[in-house]
Amino acid sequence: MASQKNSANDLGLTLGSLLLRIWLGMRAIQTGIEKFAGTHDSSKDVIIDGAPNAYGLTNTVTGKVYALDNYHGVPAPLYEKFSTEPLIPSWGLNLYDTVLGPALIILGFTVLLGIATRISLFAMGLLYTSLTFGLILIKQDAGIAWLGVHIIMVVIALGLAKYDRISVTKKW
Amino acid sequence: MNLKLPSLTRRDFLAKSTLGAGLALAAPSILRAKEAGAPADDIRVGFIGCGKQHEVLFNAMVNIPGIRYVAACDIMKARVGRTASAIKSRFDYMPNRYLDAEEMLEKEELDAVFVATPDFWHAPHTIMALEAGCDVYCEKMMSNTIEGARSMVAAMDRTGKLCQIGHQRRSNPRYLYTLNELIRKEKLCGQIINVNGQWNRALSSSQDIVSKPSILPDAETLRKAGFNAGADHELTLEELRHRFLNWRFYTSLSGGPISDLGAHQIDIFNWYLGATPKSVMASGGRSYFKDREHFDNVMCIFDYDTPEGNARAFYQVLTTTSSGGGYYESFMGTEGTIDISEREAYTKIFKESGAENAKWDNLVRRGLLKKGAAGQAAGGADAIASYESAPPDEYALPGGLSKAPHQPHIENFLDTIRGKATLTCDARHALESEAPIYWVNPAANSNEIIHFTEEHLHT
């Protein structure tokens with residue numbers, strides 16, 4: 001009887017852990033993918049008196065596209081601010097700019113699929129901590145609080161990791 | 001194609017340049033042909049000045065075919081490096097990098113040079129490049145002094161080379177369409193009697209520019225580049241670097257907000273009205289930024305005699321308030337008003353209630369205008385009927401520009417080099433338009449109306 005009750009409780013925790021992994025994984029993957037997002041404008045000539053105008057006036061429709069060329073790890077306005085920070089060396093900023101997007105995608109997938117779940121969650125927590133450090137420097141308090149919520153969720157996911165049943169690897 | 005980075009030091013270059021010059025003079029012209037790998041009709045471009053405005057120009061150029069970015073120069077090494085990286089990343093080759101414009105012009109075979117340096121360097125750099133045989137695209141304001149601007153016109157005439165000034169609205173299809181089709185051909189505004197223009201910029205956008213000291217030029221470089229001009233004492237490194245980053249605040253280095261922001265728009269006043277003003281009255285103050293040399297806020301009124309009659313144009317540049325509609329030029333006539341701006345969001349057209357409905361409806365039907373919202377009376381208990389005019393209906397331009405705002409102006413410059421176009425804003429026409437602007441600060445300083453004579457405005 002007691003065993004059945006524990007099993008039922010464990011199922012809830014297992015599903016809770018899975019749900020948290022899905023959320024954190026999706027959050028990281030899509031954030032990483034969005035760093036490859038850009039816009040694509042398609043335009044057509046304005047018609048005046050039944051013919052395309054001679055001035056080059058156009059009507060433009062803007063759509064969202066994803067491409068490797070669009071990649072910006074650190075958004076340009078933040079990059080500008082960080083580049084004037086004495087505690088962030090330019091080589092470090094460039095490196096961070098390069099790895100942030102891929103790191104979010106890779107960690108997102110490892111957390112989502114349950115590959116070395118604890119290590120992946122820990123690495124994800126470190127990544128969010130590094131983002132927090134940058135936001136502290138430029139006094140973005142709302143962003144810091146938002147990342148703090150992420151860290152709490154990562155910690156809860158780490159606590160629930162022992163109930164993981166649906167994962168690629170059980171170790172780490 | 002491999003472009004070699006300049007490995008010579010300035011001292012080496014000077015030591016070897018005598019021999020080099022002799023060889024170059026003796027060499028057959030084939031040695032001066034365009035480098036292998038670049039298509040023969042590519043225009044070989046060099047940049048003088050690699051700061052923020054250069055980035056605006058470069059970003060507007062990257063989609064224009066037929067350009068070979070040969071060299072870039074700036075006294076700040078980090079900026080040249082950033083430009084080189086941008087070119088490498090976009091086009092997969094490196095330009096040659098220089099810290100000295102004279103050296104770049106001596107060593108490189110360039111067709112065109114883009115000058116985007118501080119205003120007080122525009123005339124020296126432009127003249128240097130024209131005399132080196134290059135066509136030049138120089139950012140506005142032509143110079144920090146009217147004498148400097150006149151010397152650019154003289155150099156353009158003397159060398160016979162092209163000199164396009166960066167009043168990019170002159171090539172903007174929206175501006176050209178509005179002037180040629182709506183104002184001149186269709187007389188949409190009726191008689192234009194008042195013009196109103198503004199650039200309202202927020203306090204947060206008007207703060208001092210700062211940068212990491214480690215990437216800024218040293219004191220000797222900054223002194224050599226003239227950033228100590230007009231100083232009444234020996235400047236410290238910190239003061240020199242402040243001038244380097246914030247040259248717009250100093251009277252010896254720039255014309256201040258009225259030239260920095262106002263030049264584009266007052267140019268449009270003169271272009272659209274087809275006239276130069278008769279006089280200017282102005283008021284300005286260091287009302288917030290008390291330690292800056294230039295006025296932080298300026299208002300001025302130009303008086304015109306246009307082919308249609310007398311007109312007045314008010315212009316204000318604010319660096320302490322952004323509200324009030326951003327930046328635009330408003331041409332207010334008896335039948336309609338056109339608020340035009342480089343930003344489509346600030347562009348609006350209004351029909352006066354007395355204007356002929358059939359005419360405006362016909363323009364909409366033909367596609368010359370888009371119909372917007374009908375005028376709405378404000379109403380309310382405080383409305384006094386005898387005070388109120390009927391609200392104007394709103395319209396819009398039929399389309400916009402699907403390129404960066406500077407791209408058409410650069411295309412016009414490059415097409416003119418290729419013999420396919422005529423400059424839309426050569427140095428002479430630019431100075432005709434800019435000349436009155438040089439007198440706004442003096443008018444504000446003296447609190448007197450300046451009545452323009454040939455001596456004030458000649459080019």
# chains A, B, ... in the order shown; residues from 1 in each chain; ligands from 1
>>> select_by_dssp(residues="stretch 232-339 of chain B", states="strand (DSSP E or B)", output="ChimeraX atom specification")
/B:279-285,297-306,309-318,327-333,336-339
>>> closest_atom_pairs(of="chain B", to="chain A", cutoff="10 Å", atoms="only C-alpha atoms", output="Markdown table")
| residue | atom | partner | partner_atom | distance |
| --- | --- | --- | --- | --- |
| B:Ser89 | CA | A:Asp69 | CA | 9.9 |
| B:Arg90 | CA | A:Asp69 | CA | 9.5 |
| B:Ser171 | CA | A:Tyr55 | CA | 9.9 |
| B:Asn172 | CA | A:Tyr55 | CA | 8.8 |
| B:Pro173 | CA | A:Tyr55 | CA | 5.3 |
| B:Arg174 | CA | A:Leu57 | CA | 6.7 |
| B:Tyr175 | CA | A:Tyr55 | CA | 9.7 |
| B:Leu176 | CA | A:Tyr55 | CA | 7.4 |
| B:Tyr177 | CA | A:Tyr55 | CA | 6.4 |
| B:Val210 | CA | A:Thr84 | CA | 7.6 |
| B:Ser211 | CA | A:Thr84 | CA | 5.5 |
| B:Lys212 | CA | A:Thr84 | CA | 5.3 |
| B:Pro213 | CA | A:Thr84 | CA | 9.1 |
| B:Ser214 | CA | A:Pro86 | CA | 9.5 |
| B:Leu363 | CA | A:Ile48 | CA | 9.4 |
| B:Val364 | CA | A:Ile48 | CA | 9.5 |
| B:Arg365 | CA | A:Asp49 | CA | 8.5 |
| B:Arg366 | CA | A:Asp49 | CA | 5.0 |
| B:Gly367 | CA | A:Ile48 | CA | 4.7 |
| B:Leu368 | CA | A:Ile48 | CA | 6.0 |
| B:Leu369 | CA | A:Ile48 | CA | 9.2 |
| B:Leu397 | CA | A:Leu57 | CA | 9.2 |
| B:Pro398 | CA | A:Val46 | CA | 6.7 |
| B:Gly399 | CA | A:Thr58 | CA | 5.0 |
| B:Gly400 | CA | A:Leu57 | CA | 5.2 |
| B:Leu401 | CA | A:Leu57 | CA | 5.7 |
| B:Ser402 | CA | A:Thr58 | CA | 6.4 |
| B:Lys403 | CA | A:Asp41 | CA | 9.7 |
| B:Pro408 | CA | A:Gly56 | CA | 9.8 |
>>> residues_around(residues="A:Arg165", least_positions_apart="3", cutoff="12 Å", atoms="only C-alpha atoms", output="PyMOL selection string")
chain A and resi 10-18+113-114+117+160-162+168-171
>>> write_last_selection(atoms="N, CA and C atoms", output="compact mmCIF listing (two decimals), in the first residue's frame")
# COMPACT_ATOMS: atom_id res chain seq x y z
N ASP A 10 5.91 9.49 -6.91
CA ASP A 10 7.06 9.56 -7.82
C ASP A 10 6.62 9.91 -9.23
N LEU A 11 5.47 9.36 -9.64
CA LEU A 11 5.00 9.66 -10.99
C LEU A 11 4.78 11.16 -11.16
N GLY A 12 4.17 11.76 -10.14
CA GLY A 12 3.97 13.22 -10.19
C GLY A 12 5.30 13.95 -10.30
N LEU A 13 6.27 13.52 -9.49
CA LEU A 13 7.58 14.19 -9.52
C LEU A 13 8.30 13.92 -10.84
N THR A 14 8.12 12.70 -11.36
CA THR A 14 8.73 12.38 -12.66
C THR A 14 8.16 13.28 -13.76
N LEU A 15 6.82 13.39 -13.74
CA LEU A 15 6.20 14.25 -14.76
C LEU A 15 6.60 15.72 -14.55
N GLY A 16 6.69 16.10 -13.27
CA GLY A 16 7.11 17.48 -12.97
C GLY A 16 8.51 17.73 -13.48
N SER A 17 9.39 16.77 -13.26
CA SER A 17 10.77 16.91 -13.73
C SER A 17 10.81 17.00 -15.25
N LEU A 18 10.01 16.15 -15.90
CA LEU A 18 9.99 16.14 -17.37
C LEU A 18 9.47 17.48 -17.90
N LEU A 113 16.43 16.25 -23.88
CA LEU A 113 16.51 14.81 -24.13
C LEU A 113 16.99 14.03 -22.92
N GLY A 114 17.50 14.75 -21.94
CA GLY A 114 17.99 14.07 -20.75
C GLY A 114 19.34 13.42 -20.99
N THR A 117 21.79 14.84 -17.61
CA THR A 117 20.85 15.89 -17.21
C THR A 117 21.43 16.83 -16.15
N LEU A 160 14.82 17.65 -8.86
CA LEU A 160 13.90 16.63 -9.34
C LEU A 160 14.58 15.59 -10.23
N ALA A 161 15.86 15.83 -10.53
CA ALA A 161 16.54 14.97 -11.51
C ALA A 161 16.54 13.50 -11.11
N LYS A 162 16.53 13.25 -9.79
CA LYS A 162 16.57 11.86 -9.35
C LYS A 162 15.28 11.09 -9.72
N VAL A 168 17.77 10.06 -22.00
CA VAL A 168 18.67 9.25 -22.83
C VAL A 168 19.73 8.59 -21.96
N THR A 169 20.31 9.36 -21.06
CA THR A 169 21.32 8.79 -20.17
C THR A 169 20.88 8.97 -18.73
N LYS A 170 21.18 7.99 -17.90
CA LYS A 170 20.80 8.08 -16.50
C LYS A 170 21.92 8.70 -15.65
N LYS A 171 23.16 8.54 -16.13
CA LYS A 171 24.29 9.03 -15.35
C LYS A 171 24.39 10.55 -15.41
>>> atom_distance(atom1="atom CA of B:Phe91", atom2="atom CA of B:Ala112")
18.4 Å
>>> residues_around(residues="B:Leu105", least_positions_apart="3", cutoff="7 Å", atoms="only C-alpha atoms", output="VMD selection string")
chain B and resid 101 to 102 108 129 132
>>> write_last_selection(atoms="C-alpha atoms", output="PDB file, in the first residue's frame")
ATOM      1  CA  ALA B 101      44.956  59.537 -44.890  1.00  0.00           C
ATOM      2  CA  GLU B 102      47.810  61.107 -46.835  1.00  0.00           C
ATOM      3  CA  GLU B 108      46.640  53.270 -53.106  1.00  0.00           C
ATOM      4  CA  ALA B 129      41.504  63.189 -52.083  1.00  0.00           C
ATOM      5  CA  ALA B 132      45.006  62.799 -55.525  1.00  0.00           C
TER       6      ALA B 132
END
>>> select_by_dssp(residues="stretch 81-143 of chain B", states="alpha helix (DSSP H)", output="ChimeraX atom specification")
/B:81-91,101-107,119-131
>>> write_last_selection(atoms="N, CA and C atoms", output="mmCIF file, in the first residue's frame")
data_model
loop_
_atom_site.group_PDB
_atom_site.id
_atom_site.type_symbol
_atom_site.label_atom_id
_atom_site.label_comp_id
_atom_site.auth_asym_id
_atom_site.auth_seq_id
_atom_site.Cartn_x
_atom_site.Cartn_y
_atom_site.Cartn_z
ATOM 1 N N GLY B 81 40.357 48.524 -37.733
ATOM 2 C CA GLY B 81 40.248 47.072 -37.606
ATOM 3 C C GLY B 81 38.810 46.606 -37.734
ATOM 4 N N ARG B 82 37.897 47.367 -37.135
ATOM 5 C CA ARG B 82 36.475 46.994 -37.196
ATOM 6 C C ARG B 82 35.967 47.064 -38.641
ATOM 7 N N THR B 83 36.385 48.120 -39.349
ATOM 8 C CA THR B 83 35.975 48.249 -40.750
ATOM 9 C C THR B 83 36.534 47.098 -41.576
ATOM 10 N N ALA B 84 37.820 46.798 -41.362
ATOM 11 C CA ALA B 84 38.444 45.709 -42.120
ATOM 12 C C ALA B 84 37.713 44.390 -41.838
ATOM 13 N N SER B 85 37.366 44.169 -40.572
ATOM 14 C CA SER B 85 36.646 42.934 -40.217
ATOM 15 C C SER B 85 35.280 42.886 -40.893
ATOM 16 N N ALA B 86 34.614 44.035 -40.934
ATOM 17 C CA ALA B 86 33.286 44.072 -41.564
ATOM 18 C C ALA B 86 33.398 43.740 -43.049
ATOM 19 N N ILE B 87 34.437 44.262 -43.692
ATOM 20 C CA ILE B 87 34.632 43.988 -45.129
ATOM 21 C C ILE B 87 34.991 42.515 -45.328
ATOM 22 N N LYS B 88 35.881 42.027 -44.492
ATOM 23 C CA LYS B 88 36.304 40.626 -44.586
ATOM 24 C C LYS B 88 35.099 39.697 -44.384
ATOM 25 N N SER B 89 34.310 40.033 -43.383
ATOM 26 C CA SER B 89 33.187 39.169 -43.063
ATOM 27 C C SER B 89 32.135 39.171 -44.176
ATOM 28 N N ARG B 90 31.966 40.302 -44.812
ATOM 29 C CA ARG B 90 30.930 40.408 -45.835
ATOM 30 C C ARG B 90 31.425 39.982 -47.222
ATOM 31 N N PHE B 91 32.698 40.325 -47.526
ATOM 32 C CA PHE B 91 33.171 40.106 -48.904
ATOM 33 C C PHE B 91 34.357 39.143 -48.995
ATOM 34 N N ALA B 101 45.695 59.407 -43.627
ATOM 35 C CA ALA B 101 44.956 59.537 -44.890
ATOM 36 C C ALA B 101 45.894 59.859 -46.049
ATOM 37 N N GLU B 102 46.877 60.710 -45.782
ATOM 38 C CA GLU B 102 47.810 61.107 -46.835
ATOM 39 C C GLU B 102 48.556 59.878 -47.358
ATOM 40 N N GLU B 103 48.971 59.050 -46.436
ATOM 41 C CA GLU B 103 49.701 57.836 -46.816
ATOM 42 C C GLU B 103 48.808 56.922 -47.656
ATOM 43 N N MET B 104 47.538 56.804 -47.246
ATOM 44 C CA MET B 104 46.619 55.943 -48.002
ATOM 45 C C MET B 104 46.466 56.460 -49.428
ATOM 46 N N LEU B 105 46.301 57.765 -49.551
ATOM 47 C CA LEU B 105 46.104 58.334 -50.883
ATOM 48 C C LEU B 105 47.360 58.215 -51.743
ATOM 49 N N GLU B 106 48.511 58.280 -51.093
ATOM 50 C CA GLU B 106 49.774 58.150 -51.835
ATOM 51 C C GLU B 106 49.993 56.723 -52.314
ATOM 52 N N LYS B 107 49.634 55.774 -51.476
ATOM 53 C CA LYS B 107 50.006 54.389 -51.777
ATOM 54 C C LYS B 107 48.955 53.619 -52.580
ATOM 55 N N ASP B 119 33.711 67.191 -38.739
ATOM 56 C CA ASP B 119 33.466 68.285 -39.697
ATOM 57 C C ASP B 119 34.722 69.096 -40.016
ATOM 58 N N PHE B 120 35.564 69.338 -39.029
ATOM 59 C CA PHE B 120 36.715 70.217 -39.284
ATOM 60 C C PHE B 120 37.773 69.543 -40.147
ATOM 61 N N TRP B 121 37.618 68.244 -40.386
ATOM 62 C CA TRP B 121 38.522 67.531 -41.281
ATOM 63 C C TRP B 121 37.925 67.324 -42.673
ATOM 64 N N HIS B 122 36.650 67.664 -42.863
ATOM 65 C CA HIS B 122 36.024 67.400 -44.166
ATOM 66 C C HIS B 122 36.760 68.095 -45.305
ATOM 67 N N ALA B 123 37.007 69.393 -45.141
ATOM 68 C CA ALA B 123 37.640 70.138 -46.244
ATOM 69 C C ALA B 123 39.061 69.632 -46.511
ATOM 70 N N PRO B 124 39.935 69.515 -45.490
ATOM 71 C CA PRO B 124 41.286 69.014 -45.795
ATOM 72 C C PRO B 124 41.273 67.624 -46.434
ATOM 73 N N HIS B 125 40.471 66.724 -45.912
ATOM 74 C CA HIS B 125 40.466 65.365 -46.464
ATOM 75 C C HIS B 125 39.878 65.335 -47.871
ATOM 76 N N THR B 126 38.811 66.092 -48.084
ATOM 77 C CA THR B 126 38.186 66.118 -49.410
ATOM 78 C C THR B 126 39.137 66.697 -50.440
ATOM 79 N N ILE B 127 39.764 67.811 -50.094
ATOM 80 C CA ILE B 127 40.679 68.463 -51.046
ATOM 81 C C ILE B 127 41.868 67.537 -51.338
ATOM 82 N N MET B 128 42.383 66.918 -50.278
ATOM 83 C CA MET B 128 43.502 65.978 -50.420
ATOM 84 C C MET B 128 43.131 64.850 -51.396
ATOM 85 N N ALA B 129 41.936 64.317 -51.234
ATOM 86 C CA ALA B 129 41.504 63.189 -52.083
ATOM 87 C C ALA B 129 41.221 63.642 -53.508
ATOM 88 N N LEU B 130 40.597 64.811 -53.664
ATOM 89 C CA LEU B 130 40.340 65.332 -55.020
ATOM 90 C C LEU B 130 41.657 65.558 -55.742
ATOM 91 N N GLU B 131 42.624 66.129 -55.019
ATOM 92 C CA GLU B 131 43.914 66.426 -55.662
ATOM 93 C C GLU B 131 44.716 65.161 -55.925
#
>>> residues_around(residues="B:Val440", least_positions_apart="6", cutoff="8 Å", atoms="only C-alpha atoms", output="PyMOL selection string")
chain B and resi 258+280-282+300
>>> residues_around(residues="A:Ile33", least_positions_apart="3", cutoff="9 Å", atoms="only C-alpha atoms", output="list in words")
Ala28, Ile29, Gln30, Phe36, Ala37, Tyr66, Tyr71, Gly101, Pro102, Leu104 and Ile105 of chain A
>>> residues_around(residues="B:Ala275", least_positions_apart="2", cutoff="6 Å", atoms="only C-alpha atoms", output="ChimeraX atom specification")
/B:270,273,306
>>> write_last_selection(atoms="C-alpha atoms", output="mmCIF file, in the first residue's frame")
data_model
loop_
_atom_site.group_PDB
_atom_site.id
_atom_site.type_symbol
_atom_site.label_atom_id
_atom_site.label_comp_id
_atom_site.auth_asym_id
_atom_site.auth_seq_id
_atom_site.Cartn_x
_atom_site.Cartn_y
_atom_site.Cartn_z
ATOM 1 C CA ASN B 270 15.888 75.547 -49.803
ATOM 2 C CA LEU B 273 11.182 76.121 -52.052
ATOM 3 C CA THR B 306 9.917 82.111 -53.558
#
>>> atom_distance(atom1="atom CA of B:Trp247", atom2="atom CA of B:Phe227")
8.0 Å
>>> atom_distance(atom1="atom CA of B:Leu237", atom2="atom CA of B:Phe289")
22.0 Å
>>> closest_residue(among="B:Ile450, B:Leu216, B:Thr221, B:Trp199", to="B:Tyr346", atoms="only C-alpha atoms")
B:Trp199
>>> closest_residue(among="A:Ser90, A:Leu158, A:Ala145, A:Thr129", to="B:Ile215", atoms="only C-alpha atoms")
A:Ser90
